[in-house]
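Student: To start, I am sharing the structure in question, which I have written as structure tokens.
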Amino acid sequence: MSQPKLAILDDYQNISPPHFAHLESRISISYFPETLDPRDERQRALLIERLQPFDVILAMRERTPFSKETLAALPNLKLLLTTGTRNLALDVQYCASRGIPVAGTSSRSGGVHSTVQHTWALILGLARHVARDDAAIKRGEWQGSLGMTLAGKTLGLLGLGKLGSQVGRIAVVAFDMKVIAWSTNLTQEKADEQAAAQGLPAGSFQAVRDKAEFFRSADVVSLHSVLSERSRGIVGAAEFGVMKPTAILVNTSRGPLVEEKALLETLNAGRIRGAALDVFEPEPLPKDSPWRTTAWGQDGRSEVVLSPHMGYGDEQIHGWYDEVARNVERWLNGEELNTRMN
């Protein structure tokens with residue numbers, strides 16, 4: 001009897017092999033670090049051809065979406081695994097209808113959430129010109145323009161869930177910033193509940209009812225909203241049009257929350273101080289993307305700091321792969337899976 005086959009997708013840093021090595025005598029493992037985007041018809045055909053022989057697929061986060069249409073073209077699939085407790089890019093209901101279990105991971109590092117840490121790295125990196133000044137020094141130059149003082153400034157959180165409220169707590173405690181928040185249904189009562197969950201007094205987070213007023217008031221706008229059809233493009237030309245010329249935008253949530261064309265126009269015209277982005281559409285960014293090729297911070301353009309979707313990309317990933325490997329072993333043993341998603 002031939003071994004079952006496992007495909008491990010989108011492991012850009014080649015982290016996973018040691019975590020699965022002990023299973024190689026029981027399951028044939030193949031690694032595919034190059035992402036294929038099934039939203040592109042040509043790439044979707046290549047993805048299906050690649051994955052048709054496999055019994056088990058491991059999807060790293062949302063890097064490769066699996067819709068009903070893609071899953072239906074994988075007749076040998078018996079188990080779909082992912083990392084994290086939620087993956088909106090997987091059609092888990094369709095998998096359930098075919099009797100394909102879907103399972104994730106539940107562990108994460110303690111303390112401040114990885115994405116919250118990365119959000120503050122980007123805020124500070126842009127506000128203090130870290131990337132720009134690093135490049136300037138290496139070119140033989142010295143000081144440029146002054147950094148942005150955060151104390152006394154206003155942080156605007158678009159989305160006040162677990163991550164947004166953690167970002168807000170740091171703003172209050174570490175930087176003495178005023179924190180305002182907006183989302184479609186946010187009330188002051190809910191804002192106070194989130195403040196209390198962070199050990200802050202009522203009123204630490206101020207809910208703003210009017211979206212335009214929120215963007216008009218913030219010196220730093222940080223996005224922390226779940227991507228859905230309702231939230232897609234929630235930040236566009238109208239919002240950029242009322243932002244302060246000294247304001248910065250930070251997105252560690254999802255690229256499509258922002259209308260890319262409007263943001264590019266705003267930054268090319270230098271209408272706001274800058275943007276720091278960790279997420280894009282599509283990912284990985286094409287080599288000819290204007291985010292890669294534009295001379296940001298020059299000739300009147302805004303300053304831009306980019307990172308390659310690393311908000312969750314820290315040492316916790318080793319723990320995720322360990323959890324997935326244990327689930328593969330449980331599946332091979334006919335045991336119940338941990339962190340079932342369907």
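Letters for chains follow the order of the structure tokens (A, B, ...), residue numbers begin at 1 for each chain, and ligand numbers begin at 1 in the order shown.
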List as a PyMOL selection string the protein and nucleic acid residues near region 121-125 of chain A, meaning an atom at most 8 Å away when only C-alpha atoms are counted, but skip any in the same chain fewer than 2 places from it.
Tutor: chain A and resi 117-119+127-131+220+250+276-277+305
Student: Select from region 86-196 of chain A every residue with an atom at most 12 Å from any atom of region 235-239 of chain A, then for each give the shortest pair of atoms and their distance in Å to one decimal, using only C-alpha atoms, rows by chain and rising number, as a Markdown table.
Tutor:
```
| residue | atom | partner | partner_atom | distance |
| --- | --- | --- | --- | --- |
| A:Leu158 | CA | A:Val235 | CA | 9.5 |
| A:Trp182 | CA | A:Val235 | CA | 11.9 |
| A:Ser183 | CA | A:Val235 | CA | 11.5 |
```
Student: Okay, now the selection with N, CA and C atoms, as a PDB file, in the first residue's frame?
Tutor:
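So the final result, stored in again26.pdb, reads:
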```pdb
ATOM      1  N   LEU A 158      -9.086  52.001  13.427  1.00  0.00           N
ATOM      2  CA  LEU A 158     -10.228  51.551  12.632  1.00  0.00           C
ATOM      3  C   LEU A 158     -10.402  50.069  12.953  1.00  0.00           C
ATOM      4  N   TRP A 182     -13.084  53.981  15.472  1.00  0.00           N
ATOM      5  CA  TRP A 182     -14.290  53.963  14.641  1.00  0.00           C
ATOM      6  C   TRP A 182     -14.455  52.584  14.031  1.00  0.00           C
ATOM      7  N   SER A 183     -15.649  52.102  14.011  1.00  0.00           N
ATOM      8  CA  SER A 183     -16.084  51.007  13.155  1.00  0.00           C
ATOM      9  C   SER A 183     -17.586  51.172  12.991  1.00  0.00           C
TER      10      SER A 183
END
```
Student: Might you pull out every residue within 10 Å of region 282-299 of chain A, with only C-alpha atoms counted and same-chain residues fewer than 5 positions away left off, and present them as a list in words?
Tutor: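 Near region 282-299 of chain A, the qualifying residues are Glu34, Thr35, Leu36, Asp37, Arg39, Glu62, Arg63, Thr64, Arg132, Gly255, Pro256, Leu264, Leu267, Asn268, Ala269, Gly270, Arg273, Gly274, Leu277, Val304, Val305, Leu306, Pro308 and His309 of chain A.
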Student: Hey, can you check how far CA of Gly164 (chain A) sits from CA of Leu263 (chain A)?
Tutor: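 Atom-to-atom, CA of Gly164 (chain A) and CA of Leu263 (chain A) are spaced 21.5 Å apart.
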Student: Given the choices A:Ile100, A:Ile137, A:Leu88, A:Ala325, which gets closest to Leu227 (chain A) if the distance is worked out from only C-alpha atoms?
Tutor: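 Going through A:Ile100, A:Ile137, A:Leu88, A:Ala325 one by one, the smallest distance to Leu227 (chain A) is for A:Leu88.
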Student: If you run DSSP on this backbone, which residues of region 60-224 of chain A come out as helix (DSSP H, G or I), and could you give them as a ChimeraX atom specification?
Tutor: /A:68-72,92-97,114-127,130-138,162-175,188-197,211-217
Student: Which residues, written as a ChimeraX atom specification, have at least one atom at most 10 Å from Ala103 (chain A), with only C-alpha atoms counted and residues fewer than 2 positions away on the same chain left out?
Tutor: /A:58,79-87,92,100-101,105-106,324,327-328,337-342
Student: Identify which of the residues A:Ile27, A:Ile8, A:Ala247, A:Val258 lies closest to Leu51 (chain A), counting only C-alpha atoms when measuring atom-to-atom distances.
Tutor: A:Ile8
Student: Need to verify the contact set: Val112 (chain A), 12 Å, only C-alpha atoms, exclusion of same-chain residues closer than 4 positions in sequence. Can you return it as a ChimeraX atom specification?
Tutor: /A:108,116-120,162-170,198,312
Student: Restricting the output to C-alpha atoms, write the selected residues as a short mmCIF file (atom, residue, chain, number, x, y, z; two decimals), in the first residue's frame.
Tutor:
```
data_model
loop_
_atom_site.label_atom_id
_atom_site.label_comp_id
_atom_site.auth_asym_id
_atom_site.auth_seq_id
_atom_site.Cartn_x
_atom_site.Cartn_y
_atom_site.Cartn_z
CA ARG A 108 0.65 31.56 20.21
CA VAL A 116 0.53 44.39 17.69
CA GLN A 117 4.31 44.40 18.04
CA HIS A 118 4.67 44.71 14.29
CA THR A 119 2.13 47.51 14.14
CA TRP A 120 4.19 49.55 16.58
CA LYS A 162 -8.46 42.36 20.50
CA LEU A 163 -5.58 43.62 18.35
CA GLY A 164 -6.81 47.18 17.98
CA SER A 165 -7.33 47.55 21.71
CA GLN A 166 -3.84 46.18 22.44
CA VAL A 167 -2.37 48.74 20.05
CA GLY A 168 -4.45 51.40 21.82
CA ARG A 169 -3.22 50.39 25.27
CA ILE A 170 0.40 50.86 24.21
CA GLN A 198 -6.80 46.27 28.71
CA TYR A 312 2.43 37.18 12.51
#
```
Student: Leaving out region 199-202 of chain A and any residue of its chain fewer than 4 positions from it, which residues lie within 12 Å of it when counting only C-alpha atoms, given as a ChimeraX atom specification?
Tutor: /A:165-166,168-173,179,188-195,206-207
Student: Which residues in region 228-306 of chain A does DSSP call strand (DSSP E or B)? List them as a PyMOL selection string.
Tutor: chain A and resi 235+248-251+258+274-277+303-306
Student: Please, could you write that set of residues out with C-alpha atoms as a PDB file, in the first residue's frame?
Tutor:
```pdb
ATOM      1  CA  VAL A 235     -10.705  53.315   3.299  1.00  0.00           C
ATOM      2  CA  ILE A 248       0.304  58.563   8.610  1.00  0.00           C
ATOM      3  CA  LEU A 249      -1.599  55.388   7.689  1.00  0.00           C
ATOM      4  CA  VAL A 250      -0.599  51.950   8.987  1.00  0.00           C
ATOM      5  CA  ASN A 251      -2.131  48.696   7.721  1.00  0.00           C
ATOM      6  CA  VAL A 258      -7.831  50.031   1.408  1.00  0.00           C
ATOM      7  CA  GLY A 274       3.288  58.623   4.729  1.00  0.00           C
ATOM      8  CA  ALA A 275       2.096  55.036   4.927  1.00  0.00           C
ATOM      9  CA  ALA A 276       3.467  51.870   6.493  1.00  0.00           C
ATOM     10  CA  LEU A 277       2.065  48.692   4.971  1.00  0.00           C
ATOM     11  CA  GLU A 303       7.369  58.395   2.671  1.00  0.00           C
ATOM     12  CA  VAL A 304       6.448  54.687   2.528  1.00  0.00           C
ATOM     13  CA  VAL A 305       7.644  51.792   4.694  1.00  0.00           C
ATOM     14  CA  LEU A 306       6.874  48.252   3.539  1.00  0.00           C
TER      15      LEU A 306
END
```
Student: Report, in Å with one decimal, the straight-line distance from CA of Leu126 (chain A) to CA of Lys261 (chain A).
Tutor: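 According to the coordinates, CA of Leu126 (chain A) and CA of Lys261 (chain A) are separated by 21.1 Å.
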Student: What is the CA of Leu157 (chain A) to CA of Thr115 (chain A) distance in Å?
Tutor: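 Pair CA of Leu157 (chain A) / CA of Thr115 (chain A) returns 14.1 Å.
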Student: My list of candidates is A:Ala7, A:Ala89, A:Phe215, A:Lys138. Which is closest to Asp55 (chain A) when distances are computed with only C-alpha atoms?
Tutor: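 Under the stated criterion, the closest residue is A:Ala7.
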Student: For each of A:Leu6, A:Phe214, A:Val102, A:Gly241, take the minimum atom-to-atom distance to Val56 (chain A), counting only C-alpha atoms, then give the residue where this is smallest.
Tutor: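 Checking each of A:Leu6, A:Phe214, A:Val102, A:Gly241 against Val56 (chain A), counting only C-alpha atoms, the winner is A:Leu6.
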Student: Could you list, as JSON, numbers by chain, every residue within 10 Å of Ile29 (chain A), counting only C-alpha atoms and ignoring same-chain residues fewer than 4 positions away?
Tutor: {"A": [3, 4, 5, 6, 7, 8, 17, 20, 21, 23, 24, 25, 54, 56, 57]}
Student: Between A:Ser302, A:Glu260, A:Leu71, A:Arg216, single out the one closest to Arg98 (chain A), counting only C-alpha atoms.
Tutor: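 Going through A:Ser302, A:Glu260, A:Leu71, A:Arg216 one by one, the smallest distance to Arg98 (chain A) is for A:Leu71.
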